[in-house]
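J.: This is the content of entry.cif (mmCIF, C-alpha atoms and all ligand atoms):
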data_work
#
loop_
_atom_site.label_atom_id
_atom_site.label_comp_id
_atom_site.auth_asym_id
_atom_site.auth_seq_id
_atom_site.Cartn_x
_atom_site.Cartn_y
_atom_site.Cartn_z
CA MET A 202 -14.40 11.05 -12.88
CA SER A 203 -13.56 14.46 -14.29
CA GLU A 204 -10.31 16.27 -13.61
CA ALA A 205 -12.28 18.95 -11.78
CA ALA A 206 -13.86 16.33 -9.56
CA VAL A 207 -10.42 14.98 -8.78
CA GLY A 208 -9.53 18.51 -7.67
CA ILE A 209 -5.88 18.38 -8.60
CA LYS A 210 -3.69 21.46 -8.78
CA SER A 211 -1.24 20.83 -11.54
CA GLU A 212 1.03 22.67 -13.92
CA SER A 213 0.61 19.91 -16.45
CA LYS A 214 -1.00 20.41 -19.82
CA MET A 215 -3.97 18.30 -18.82
CA GLU A 216 -5.46 21.04 -16.71
CA SER A 217 -4.52 24.08 -18.69
CA GLU A 218 -7.13 25.89 -20.65
CA THR A 219 -5.80 26.01 -24.18
CA ASP A 220 -3.07 24.25 -26.06
CA SER A 221 -1.27 27.49 -26.86
CA GLU A 222 -1.27 28.52 -23.22
CA VAL A 223 0.09 25.14 -22.37
CA ASP A 224 2.80 25.38 -24.98
CA SER A 225 3.98 28.76 -23.76
CA GLN A 226 3.83 27.69 -20.10
CA LEU A 227 5.77 24.56 -20.77
CA ASN A 228 8.26 26.20 -23.05
CA SER A 229 8.97 28.78 -20.39
CA LEU A 230 9.58 25.95 -17.95
CA VAL A 231 12.05 24.51 -20.40
CA ASP A 232 13.70 27.88 -20.87
CA SER A 233 14.09 28.50 -17.19
CA GLN A 234 14.99 25.08 -16.02
CA VAL A 235 17.16 23.34 -18.50
CA ASP A 236 20.87 23.84 -18.29
CA SER A 237 21.67 25.87 -21.36
CA LYS A 238 24.96 24.16 -22.14
CA VAL A 239 23.36 20.77 -22.05
CA GLU A 240 20.47 22.01 -24.10
CA ALA A 241 22.83 23.26 -26.79
CA ASN A 242 24.93 20.12 -26.71
CA LEU A 243 22.09 17.65 -26.89
CA ASP A 244 20.04 19.80 -29.22
CA SER A 245 22.80 19.60 -31.77
CA GLN A 246 23.07 15.85 -31.22
CA ALA A 247 19.32 15.60 -31.63
CA GLU A 248 19.39 17.58 -34.86
CA ALA A 249 22.12 15.35 -36.15
CA SER A 250 19.96 12.34 -35.42
CA GLU A 251 16.25 12.79 -35.87
CA THR A 252 13.61 14.74 -34.03
CA ALA A 253 10.80 14.65 -36.54
CA GLY A 254 7.41 14.18 -34.97
CA GLU A 255 8.73 14.44 -31.44
CA THR A 256 5.78 16.34 -30.06
CA ALA A 257 3.50 16.16 -33.05
CA GLY A 258 2.17 12.76 -32.09
CA GLU A 259 3.82 11.04 -35.06
CA PRO A 260 6.03 8.07 -34.33
CA ALA A 261 9.67 9.03 -34.72
CA PRO A 262 11.35 7.04 -37.48
CA VAL A 263 14.30 6.27 -35.26
CA ASN A 264 14.83 5.38 -31.66
CA ARG A 265 16.69 8.15 -29.87
CA ARG A 266 18.22 7.01 -26.62
CA ILE A 267 20.43 8.73 -24.08
CA VAL A 268 23.23 6.66 -22.63
CA LEU A 269 25.68 7.13 -19.77
CA VAL A 270 29.16 7.52 -21.26
CA GLN A 271 31.16 8.51 -18.18
CA ARG A 272 30.58 8.63 -14.45
CA PRO A 273 30.09 12.11 -12.97
CA HIS A 274 32.66 13.43 -10.58
CA GLY A 275 30.50 15.70 -8.44
CA ALA A 276 27.52 17.26 -10.19
CA PRO A 277 26.64 15.57 -13.50
CA SER A 278 27.48 17.44 -16.70
CA GLU A 279 26.48 17.14 -20.34
CA LEU A 280 29.69 15.22 -20.97
CA ASP A 281 28.33 12.29 -18.98
CA PHE A 282 25.54 11.68 -21.51
CA LYS A 283 25.33 10.90 -25.20
CA LEU A 284 22.29 10.90 -27.43
CA LEU A 285 22.27 8.03 -29.92
CA SER A 286 20.00 7.44 -32.88
CA GLU A 287 19.24 3.88 -33.88
CA PRO A 288 16.63 1.87 -35.78
CA VAL A 289 13.37 1.29 -33.96
CA PRO A 290 13.42 -2.27 -32.56
CA GLU A 291 10.75 -4.81 -33.54
CA ALA A 292 8.54 -6.80 -31.21
CA GLY A 293 9.01 -10.55 -31.39
CA GLU A 294 6.48 -13.24 -30.52
CA GLY A 295 5.09 -12.57 -27.03
CA GLU A 296 6.43 -9.01 -27.01
CA VAL A 297 5.16 -5.46 -27.42
CA LEU A 298 6.78 -2.36 -28.91
CA LEU A 299 6.26 0.67 -26.68
CA ARG A 300 6.46 4.37 -27.55
CA THR A 301 7.54 6.52 -24.63
CA LEU A 302 5.07 9.29 -23.89
CA THR A 303 6.28 10.60 -20.51
CA LEU A 304 9.51 9.89 -18.66
CA SER A 305 9.84 10.30 -14.90
CA LEU A 306 13.03 11.91 -13.58
CA ASP A 307 13.91 10.98 -10.00
CA PRO A 308 16.84 11.58 -7.63
CA TYR A 309 17.77 7.87 -7.51
CA MET A 310 19.07 8.20 -11.08
CA ARG A 311 22.05 10.19 -9.83
CA GLY A 312 23.05 7.33 -7.54
CA ARG A 313 22.88 4.79 -10.36
CA MET A 314 25.40 6.86 -12.34
CA ASN A 315 28.04 6.13 -9.68
CA GLU A 316 30.08 2.98 -9.49
CA SER A 317 29.30 2.07 -5.92
CA THR A 318 27.58 -0.47 -3.73
CA SER A 319 23.98 0.44 -3.04
CA TYR A 320 20.55 -1.16 -2.79
CA ALA A 321 20.46 -1.40 -6.59
CA PRO A 322 23.19 -2.05 -9.16
CA SER A 323 25.06 0.78 -10.84
CA LEU A 324 24.25 1.61 -14.42
CA ALA A 325 26.89 0.23 -16.79
CA LEU A 326 28.78 2.66 -18.99
CA GLY A 327 27.11 2.69 -22.39
CA ALA A 328 23.73 1.68 -20.93
CA THR A 329 20.55 3.62 -21.59
CA MET A 330 19.67 5.90 -18.66
CA LEU A 331 16.94 4.17 -16.72
CA GLY A 332 13.54 5.48 -15.71
CA ALA A 333 9.86 4.77 -15.30
CA THR A 334 7.63 5.85 -18.18
CA ILE A 335 4.09 6.09 -19.36
CA SER A 336 4.27 4.38 -22.75
CA ARG A 337 1.84 3.52 -25.52
CA VAL A 338 1.68 0.10 -27.13
CA VAL A 339 2.38 0.71 -30.83
CA ALA A 340 2.79 -2.94 -31.90
CA SER A 341 1.72 -6.05 -30.05
CA ARG A 342 2.43 -9.72 -30.35
CA HIS A 343 1.38 -10.25 -26.73
CA ALA A 344 -2.07 -11.53 -25.79
CA ASP A 345 -2.44 -9.20 -22.79
CA PHE A 346 -1.64 -5.88 -24.46
CA ALA A 347 -3.52 -4.18 -27.29
CA VAL A 348 -2.21 -1.54 -29.67
CA GLY A 349 -3.09 1.92 -28.37
CA GLU A 350 -3.12 0.88 -24.73
CA ARG A 351 -1.14 3.06 -22.31
CA VAL A 352 0.97 1.27 -19.72
CA LEU A 353 3.34 2.00 -16.87
CA ALA A 354 6.74 0.83 -18.15
CA HIS A 355 10.44 1.18 -17.50
CA ALA A 356 11.60 2.23 -20.95
CA GLY A 357 14.28 4.59 -19.69
CA TRP A 358 15.51 7.63 -21.60
CA GLN A 359 14.49 6.58 -25.09
CA ASP A 360 11.68 6.79 -27.63
CA TYR A 361 10.95 3.09 -28.04
CA VAL A 362 11.52 -0.14 -26.18
CA VAL A 363 10.50 -3.77 -26.65
CA SER A 364 9.04 -5.54 -23.62
CA ASP A 365 7.87 -9.07 -22.91
CA GLY A 366 5.20 -7.56 -20.64
CA SER A 367 6.69 -8.76 -17.36
CA ASP A 368 7.76 -5.25 -16.31
CA LEU A 369 4.59 -3.50 -17.41
CA GLY A 370 1.76 -2.22 -15.27
CA LYS A 371 -1.79 -1.75 -16.48
CA LEU A 372 -3.12 1.73 -15.78
CA PRO A 373 -6.51 1.74 -14.06
CA ALA A 374 -9.23 2.26 -16.67
CA ASP A 375 -10.69 5.25 -14.79
CA LEU A 376 -7.36 7.03 -14.34
CA THR A 377 -8.04 10.43 -15.89
CA HIS A 378 -4.53 11.75 -15.36
CA PRO A 379 -2.13 8.96 -16.44
CA THR A 380 1.06 10.78 -15.41
CA HIS A 381 -0.06 10.51 -11.81
CA ALA A 382 1.06 6.89 -12.08
CA LEU A 383 4.61 8.31 -12.09
CA GLY A 384 4.01 10.68 -9.19
CA ILE A 385 1.32 10.99 -6.60
CA LEU A 386 -0.17 7.54 -7.40
CA GLY A 387 3.21 5.99 -8.18
CA MET A 388 6.58 5.44 -6.54
CA PRO A 389 7.00 8.94 -5.01
CA GLY A 390 3.49 9.04 -3.54
CA PHE A 391 3.91 5.50 -2.24
CA THR A 392 7.22 6.49 -0.62
CA ALA A 393 5.49 9.34 1.19
CA TYR A 394 2.62 7.08 2.32
CA VAL A 395 4.82 4.33 3.77
CA GLY A 396 7.35 6.79 5.18
CA VAL A 397 4.80 8.89 7.05
CA LEU A 398 2.35 6.24 8.18
CA ASP A 399 4.55 3.20 8.84
CA TYR A 400 7.83 4.82 9.87
CA GLY A 401 6.63 8.20 11.11
CA GLN A 402 3.58 6.84 12.97
CA PRO A 403 1.93 10.25 13.28
CA ARG A 404 -0.45 11.17 16.07
CA ALA A 405 -2.86 14.10 15.96
CA GLY A 406 -1.32 17.25 17.38
CA GLU A 407 2.27 16.23 16.71
CA THR A 408 4.63 18.37 14.62
CA LEU A 409 6.09 16.95 11.41
CA VAL A 410 8.84 18.67 9.43
CA VAL A 411 9.55 17.78 5.82
CA ALA A 412 12.11 19.28 3.44
CA ALA A 413 11.88 19.38 -0.38
CA ALA A 414 8.33 20.25 0.65
CA THR A 415 6.93 20.94 -2.80
CA GLY A 416 8.66 17.99 -4.47
CA ALA A 417 7.10 14.73 -5.47
CA VAL A 418 7.62 12.97 -2.14
CA GLY A 419 7.64 15.94 0.25
CA SER A 420 4.38 17.45 -0.97
CA ALA A 421 2.61 14.13 -0.37
CA VAL A 422 4.31 13.66 3.01
CA GLY A 423 2.98 16.95 4.33
CA GLN A 424 -0.52 16.46 2.98
CA ILE A 425 -0.82 12.95 4.44
CA ALA A 426 0.43 14.21 7.80
CA LYS A 427 -2.18 16.99 7.72
CA LEU A 428 -4.86 14.36 7.10
CA LYS A 429 -3.62 12.62 10.26
CA GLY A 430 -4.00 15.82 12.30
CA CYS A 431 -0.36 16.89 12.53
CA ARG A 432 1.06 20.39 12.50
CA VAL A 433 3.11 20.35 9.29
CA VAL A 434 6.11 22.58 8.70
CA GLY A 435 7.71 22.42 5.28
CA VAL A 436 11.19 23.44 4.24
CA ALA A 437 11.68 24.50 0.62
CA GLY A 438 14.15 26.31 -1.59
CA GLY A 439 12.32 29.52 -2.42
CA ASP A 440 9.60 31.89 -1.26
CA ASP A 441 7.37 30.86 -4.18
CA LYS A 442 7.66 27.21 -3.18
CA CYS A 443 6.93 28.06 0.47
CA GLN A 444 3.89 30.11 -0.44
CA TYR A 445 2.56 27.23 -2.51
CA ALA A 446 3.13 24.79 0.37
CA VAL A 447 1.04 26.92 2.71
CA ASP A 448 -1.60 28.32 0.36
CA GLU A 449 -2.21 25.29 -1.85
CA LEU A 450 -1.01 22.25 0.08
CA GLY A 451 -2.34 23.48 3.44
CA PHE A 452 0.91 23.26 5.40
CA ASP A 453 0.91 25.26 8.64
CA ALA A 454 4.22 26.94 7.80
CA CYS A 455 7.07 26.64 5.35
CA ILE A 456 10.59 27.99 5.73
CA ASN A 457 12.96 28.90 2.89
CA HIS A 458 16.23 27.07 3.60
CA TYR A 459 18.20 29.65 1.60
CA ASN A 460 17.40 32.42 4.10
CA ASP A 461 20.16 33.41 6.53
CA ASP A 462 17.83 33.07 9.51
CA PHE A 463 16.60 29.63 8.43
CA ALA A 464 17.40 27.81 11.73
CA THR A 465 15.79 30.56 13.83
CA ALA A 466 12.71 30.67 11.63
CA LEU A 467 12.37 26.88 11.76
CA ALA A 468 12.52 26.95 15.56
CA ALA A 469 9.87 29.67 15.65
CA ALA A 470 7.60 27.60 13.39
CA CYS A 471 7.94 24.58 15.71
CA PRO A 472 7.08 26.01 19.16
CA ASN A 473 6.38 22.52 20.53
CA GLY A 474 9.48 20.94 19.01
CA ILE A 475 9.55 18.29 16.28
CA ASP A 476 8.00 14.85 16.72
CA ILE A 477 8.60 13.56 13.19
CA TYR A 478 11.32 14.67 10.82
CA PHE A 479 10.85 13.13 7.38
CA GLU A 480 14.46 13.15 6.20
CA SER A 481 15.06 13.49 2.46
CA VAL A 482 17.86 16.00 2.44
CA GLY A 483 20.54 16.02 5.19
CA GLY A 484 23.00 18.92 5.28
CA ALA A 485 21.99 22.27 6.72
CA VAL A 486 18.35 21.27 7.12
CA LEU A 487 19.29 18.33 9.35
CA ASP A 488 21.57 20.62 11.36
CA ALA A 489 18.67 22.94 12.10
CA VAL A 490 16.25 20.11 12.88
CA VAL A 491 18.29 18.06 15.36
CA PRO A 492 18.22 20.56 18.28
CA LEU A 493 14.43 20.77 17.93
CA LEU A 494 13.70 17.03 18.08
CA ASN A 495 11.47 15.96 20.97
CA VAL A 496 12.04 12.94 23.18
CA GLY A 497 10.73 9.90 21.28
CA ALA A 498 10.91 11.63 17.89
CA ARG A 499 10.78 9.48 14.76
CA VAL A 500 13.00 10.13 11.75
CA PRO A 501 12.01 8.14 8.65
CA LEU A 502 15.25 8.30 6.61
CA CYS A 503 14.08 8.47 3.02
CA GLY A 504 16.90 10.24 1.18
CA LEU A 505 19.95 12.48 1.46
CA ILE A 506 19.83 14.58 -1.67
CA ALA A 507 22.14 17.27 -0.25
CA TYR A 508 24.99 14.74 -0.55
CA ALA A 509 24.00 13.34 -3.96
CA ASN A 510 26.96 14.87 -5.77
CA GLU A 511 29.56 14.27 -3.07
CA THR A 512 32.53 12.30 -4.28
CA ALA A 513 34.24 11.47 -1.00
CA ALA A 514 34.17 12.21 2.70
CA THR A 515 34.65 15.95 3.09
CA GLY A 516 37.36 15.64 5.71
CA GLY A 517 35.75 18.37 7.79
CA VAL A 518 35.04 18.30 11.51
CA ASP A 519 33.49 14.99 12.61
CA ARG A 520 30.05 15.96 13.90
CA SER A 521 28.75 12.44 14.37
CA PRO A 522 29.32 12.57 18.19
CA GLN A 523 26.90 15.51 18.56
CA LEU A 524 24.39 13.91 16.21
CA LEU A 525 24.46 10.52 17.86
CA ARG A 526 24.37 12.05 21.36
CA ALA A 527 21.25 14.01 20.42
CA PHE A 528 19.63 10.82 19.14
CA LEU A 529 20.61 9.01 22.35
CA ILE A 530 19.38 11.52 24.89
CA LYS A 531 16.18 12.23 22.91
CA ARG A 532 15.59 8.46 22.37
CA VAL A 533 15.08 9.17 18.67
CA ARG A 534 14.03 6.34 16.37
CA LEU A 535 15.74 6.81 13.01
CA GLN A 536 15.10 4.19 10.35
CA GLY A 537 16.11 4.10 6.73
CA PHE A 538 13.71 2.59 4.25
CA ILE A 539 13.69 1.73 0.55
CA ILE A 540 10.27 1.77 -1.02
CA SER A 541 10.81 -1.27 -3.24
CA ASP A 542 10.62 -3.43 -0.09
CA HIS A 543 7.00 -2.47 0.49
CA TYR A 544 5.10 -3.10 -2.76
CA GLY A 545 3.99 -6.59 -1.74
CA THR A 546 2.40 -5.51 1.51
CA ARG A 547 1.34 -1.88 1.27
CA PHE A 548 0.76 -0.86 -2.35
CA ASP A 549 -2.91 -1.85 -2.50
CA ALA A 550 -3.78 0.09 0.65
CA PHE A 551 -1.87 3.09 -0.70
CA GLN A 552 -3.78 3.00 -3.99
CA THR A 553 -7.12 2.83 -2.19
CA ASP A 554 -6.33 5.67 0.19
CA MET A 555 -4.53 7.98 -2.23
CA ARG A 556 -7.12 7.63 -4.97
CA ALA A 557 -9.83 8.50 -2.46
CA TRP A 558 -7.89 11.51 -1.16
CA LEU A 559 -7.34 12.76 -4.70
CA ALA A 560 -10.98 12.24 -5.63
CA GLN A 561 -12.09 14.18 -2.56
CA GLY A 562 -9.65 17.01 -3.23
CA GLN A 563 -7.79 16.30 0.02
CA VAL A 564 -4.48 15.82 -1.76
CA LYS A 565 -3.11 17.92 -4.61
CA ALA A 566 -0.31 17.07 -7.01
CA ARG A 567 1.78 19.50 -8.99
CA GLU A 568 3.78 18.45 -12.05
CA ASP A 569 6.76 20.19 -13.64
CA ILE A 570 6.91 19.09 -17.27
CA ILE A 571 9.90 19.52 -19.57
CA ILE A 572 9.26 18.95 -23.27
CA GLY A 573 11.72 16.90 -25.30
CA LEU A 574 13.79 13.82 -24.54
CA GLN A 575 17.03 15.68 -25.31
CA HIS A 576 16.38 17.94 -22.31
CA ALA A 577 16.38 15.06 -19.82
CA PRO A 578 20.06 15.44 -18.77
CA GLY A 579 19.68 19.15 -18.05
CA ALA A 580 16.46 18.52 -16.18
CA LEU A 581 18.08 15.85 -13.99
CA MET A 582 20.91 18.27 -13.20
CA GLY A 583 18.29 20.87 -12.30
CA LEU A 584 16.50 18.43 -9.99
CA LEU A 585 19.68 18.06 -7.96
CA ARG A 586 19.87 21.88 -7.67
CA GLY A 587 16.22 22.33 -6.74
CA ASP A 588 15.11 23.82 -10.07
CA ASN A 589 12.02 21.62 -10.26
CA PHE A 590 8.74 22.77 -8.74
CA GLY A 591 6.66 19.61 -8.35
CA LYS A 592 7.02 16.12 -9.80
CA LEU A 593 9.59 16.34 -12.59
CA LEU A 594 8.51 14.74 -15.88
CA VAL A 595 9.74 14.82 -19.45
CA GLN A 596 7.16 14.78 -22.22
CA VAL A 597 8.79 12.65 -24.90
CA ALA A 598 5.79 12.41 -27.23
CA GLU A 599 2.22 13.59 -27.13
CA ALA A 600 -0.24 11.22 -25.50
N1 LIG B 701 13.86 5.72 0.16
C1 LIG B 701 13.22 5.60 -1.00
O1 LIG B 701 12.79 4.50 -1.37
C2 LIG B 701 12.96 6.84 -1.83
C3 LIG B 701 12.03 6.83 -2.87
C4 LIG B 701 11.78 8.01 -3.58
C5 LIG B 701 12.49 9.18 -3.26
N2 LIG B 701 13.40 9.12 -2.25
C6 LIG B 701 14.14 10.35 -1.85
O2 LIG B 701 13.20 11.36 -1.52
C7 LIG B 701 13.77 12.63 -1.77
C8 LIG B 701 12.82 13.48 -2.60
O3 LIG B 701 12.66 12.86 -3.88
P1 LIG B 701 11.64 13.48 -4.95
O4 LIG B 701 11.54 12.52 -6.07
O5 LIG B 701 10.41 13.91 -4.26
O6 LIG B 701 12.44 14.76 -5.47
P2 LIG B 701 11.91 16.26 -5.44
O7 LIG B 701 11.65 16.65 -4.04
O8 LIG B 701 10.81 16.41 -6.43
O9 LIG B 701 13.18 17.05 -6.01
C9 LIG B 701 14.35 17.15 -5.27
C10 LIG B 701 14.32 18.40 -4.36
O10 LIG B 701 15.33 18.27 -3.36
C11 LIG B 701 15.62 19.57 -2.88
N3 LIG B 701 17.06 19.70 -2.69
C12 LIG B 701 18.03 19.41 -3.56
N4 LIG B 701 19.23 19.67 -3.03
C13 LIG B 701 19.00 20.15 -1.78
C14 LIG B 701 19.84 20.59 -0.71
N5 LIG B 701 21.17 20.59 -0.82
N6 LIG B 701 19.27 21.00 0.44
C15 LIG B 701 17.92 21.00 0.57
N7 LIG B 701 17.07 20.58 -0.41
C16 LIG B 701 17.62 20.17 -1.56
C17 LIG B 701 15.11 20.57 -3.92
O11 LIG B 701 13.95 21.20 -3.38
P3 LIG B 701 14.02 22.68 -2.75
O12 LIG B 701 14.25 23.62 -3.89
O13 LIG B 701 12.69 22.85 -2.12
O14 LIG B 701 15.15 22.67 -1.76
C18 LIG B 701 14.70 19.68 -5.07
O15 LIG B 701 13.63 20.23 -5.82
C19 LIG B 701 15.14 12.37 -2.38
O16 LIG B 701 16.12 12.40 -1.38
C20 LIG B 701 15.01 10.97 -2.93
O17 LIG B 701 16.25 10.32 -3.06
C21 LIG B 701 13.66 7.99 -1.53
#
Take the structure in this file and express it as structure tokens.
Ligand SMILES: NC(=O)c1ccc[n+]([C@@H]2O[C@H](COP(=O)([O-])OP(=O)(O)OC[C@H]3O[C@@H](n4cnc5c(N)ncnc54)[C@H](OP(=O)(O)O)[C@@H]3O)[C@@H](O)[C@H]2O)c1
T.:
Amino acid sequence: MSEAAVGIKSESKMESETDSEVDSQLNSLVDSQVDSKVEANLDSQAEASETAGETAGEPAPVNRRIVLVQRPHGAPSELDFKLLSEPVPEAGEGEVLLRTLTLSLDPYMRGRMNESTSYAPSLALGATMLGATISRVVASRHADFAVGERVLAHAGWQDYVVSDGSDLGKLPADLTHPTHALGILGMPGFTAYVGVLDYGQPRAGETLVVAAATGAVGSAVGQIAKLKGCRVVGVAGGDDKCQYAVDELGFDACINHYNDDFATALAAACPNGIDIYFESVGGAVLDAVVPLLNVGARVPLCGLIAYANETAATGGVDRSPQLLRAFLIKRVRLQGFIISDHYGTRFDAFQTDMRAWLAQGQVKAREDIIIGLQHAPGALMGLLRGDNFGKLLVQVAEA
């Protein structure tokens, strides 16, 4: 299956025409999207350690890893991270040594940096920042994994990791675009699939609204809802993102939430009200959505990224009475969900459907690739500000 046959719109190097074009495109992404202070800070740490061969395809002689050294108070800063340089670990009997090729950056990472009770444990201070990766087996003492094989792993923010294989996923042999296993065919795409179909229960002709509309989850949400015959209205942080949502993803409308007339424009784009609000954001977007909800509306509660950096209750006016009253009189069904609960029952159906939609060009996936492990902290900070345009990935080494 060729990339053209898959019909995927992507900013990733895999679809660009020449390597030099790719390099300049990706370097400009780095320039525009990485927090400059962090870049400087971690660049100097990286120089002090070892960066040889980082993108040249040569194995680095050391394992660079980025650890959490203090918990953020509000938005994360470069002071919360430290880049260490250590010997590359060795695989023991029954283990493999993995080289990280691509690291996925996701909003949940911000939550793990807090010390708080959640659906998953907090990251310990001094621990390597966690994250899903596409990794290559570079040494194997495990019967099921051969040297050179690429796998879906959870290496975190580092060059190398040793695994006993229990946390590794085999990539389908015909997967022409391996990084999709971190995005449209991985956790974010699966979240969209379960959220829309199982919790949103869309019917043809209904109106669905989704924010972070060009992000990893939101872009898939809107496209799946279109396939089910919905009117889809996106909300995104920029005119360029909104244009992409309409022109490339096929949304019926998309509203820039930074515009002063955002609430009015959203109402105008939803003349029949809102039947499904896929909630990933909260804040001002939720405020504008609630008055437009129809009787019997469904609200799959997927995330609340607008509050990701909040440290405590704001102490402002308590608006929960208005919110709850609206949900009562509109008989709204709001349900939170965590995607890890659904792998046992729904992942196979998702893979079948999503792979078919990709192959038929019915779903597109955009990637936003940052080059260099040392840029991961700045890129995560940018994700929380809306700097990313598509699924955010860090290229740690060349495939
Ligand atoms: N429940 C689960 O199991 C599960 C699983 C995966 C993801 N999620 C959630 O799904 C959401 C999207 O995740 P993703 O990986 O697809 O990230 P993403 O959309 O690729 O990136 C995050 C986007 O959020 C938007 N954003 C950030 N702050 C905002 C604010 N204050 N107001 C409005 N928009 C804001 C920005 O887009 P704009 O520039 O367009 O505003 C930003 O690009 C997150 O809330 C995440 O926590 C939940």
J.: Find the nearest atom pair between each residue of chain A and ligand LIG 701 (chain B) for residues within 6 Å, count only C-alpha atoms and all ligand atoms, give distances in Å to one decimal, sort rows by chain and ascending number, and present the table as a Markdown table.
T.:
| residue | atom | partner | partner_atom | distance |
| --- | --- | --- | --- | --- |
| A:Asp307 | CA | B:LIG701 | O4 | 4.8 |
| A:Pro308 | CA | B:LIG701 | O17 | 4.8 |
| A:Tyr309 | CA | B:LIG701 | O17 | 5.3 |
| A:Pro389 | CA | B:LIG701 | C4 | 5.1 |
| A:Thr392 | CA | B:LIG701 | C3 | 5.3 |
| A:Ala413 | CA | B:LIG701 | O13 | 4.0 |
| A:Ala414 | CA | B:LIG701 | O13 | 5.8 |
| A:Gly416 | CA | B:LIG701 | O7 | 3.3 |
| A:Ala417 | CA | B:LIG701 | O5 | 3.6 |
| A:Val418 | CA | B:LIG701 | O5 | 3.6 |
| A:Gly419 | CA | B:LIG701 | O5 | 5.7 |
| A:Ala437 | CA | B:LIG701 | O13 | 3.4 |
| A:Gly438 | CA | B:LIG701 | O12 | 3.5 |
| A:Ser481 | CA | B:LIG701 | O16 | 4.1 |
| A:Val482 | CA | B:LIG701 | C15 | 5.3 |
| A:Cys503 | CA | B:LIG701 | N1 | 4.0 |
| A:Gly504 | CA | B:LIG701 | O16 | 3.4 |
| A:Leu505 | CA | B:LIG701 | O16 | 4.8 |
| A:Ile506 | CA | B:LIG701 | O16 | 4.3 |
| A:Ala507 | CA | B:LIG701 | N5 | 3.5 |
| A:Phe538 | CA | B:LIG701 | N1 | 5.2 |
| A:Ile539 | CA | B:LIG701 | O1 | 3.5 |
| A:Ile540 | CA | B:LIG701 | O1 | 3.7 |
| A:Leu584 | CA | B:LIG701 | C9 | 5.3 |
| A:Leu585 | CA | B:LIG701 | C12 | 4.9 |
| A:Arg586 | CA | B:LIG701 | C12 | 5.1 |
| A:Gly587 | CA | B:LIG701 | O15 | 3.5 |
| A:Asp588 | CA | B:LIG701 | O15 | 5.8 |
| A:Asn589 | CA | B:LIG701 | O15 | 4.9 |
| A:Gly591 | CA | B:LIG701 | O8 | 5.6 |
| A:Lys592 | CA | B:LIG701 | O8 | 5.1 |
J.: Do a neighbour search on Val411 in chain A at 8 Å with only C-alpha atoms, toss out local chain neighbours closer than 4 positions, and write the hits as a PDB file with C-alpha atoms, keeping the file's coordinate frame.
T.:
ATOM      1  CA  GLY A 419       7.640  15.940   0.250  1.00  0.00           C
ATOM      2  CA  VAL A 422       4.310  13.660   3.010  1.00  0.00           C
ATOM      3  CA  GLY A 423       2.980  16.950   4.330  1.00  0.00           C
ATOM      4  CA  VAL A 433       3.110  20.350   9.290  1.00  0.00           C
ATOM      5  CA  VAL A 434       6.110  22.580   8.700  1.00  0.00           C
ATOM      6  CA  GLY A 435       7.710  22.420   5.280  1.00  0.00           C
ATOM      7  CA  VAL A 436      11.190  23.440   4.240  1.00  0.00           C
ATOM      8  CA  TYR A 478      11.320  14.670  10.820  1.00  0.00           C
ATOM      9  CA  PHE A 479      10.850  13.130   7.380  1.00  0.00           C
ATOM     10  CA  GLU A 480      14.460  13.150   6.200  1.00  0.00           C
ATOM     11  CA  SER A 481      15.060  13.490   2.460  1.00  0.00           C
TER      12      SER A 481
END
J.: Under the rule that only C-alpha atoms are counted, which of A:Ile425, A:Ala356, A:Ala464, A:Val500 is the nearest residue to Val533 in chain A?
T.: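 Closest candidate: A:Val500.
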J.: Rounded to one decimal in Å, what is the spacing between CA of Gln444 in chain A and CA of Gly406 in chain A?
T.: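 Between these atoms lies a distance of 22.6 Å.
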J.: Using all atoms listed in the file, which residue out of A:Gln271, A:Arg265, A:Arg313, A:His343 lies closest to Leu298 in chain A?
T.: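 Looking only at the distances to Leu298 in chain A, the closest residue turns out to be A:His343.
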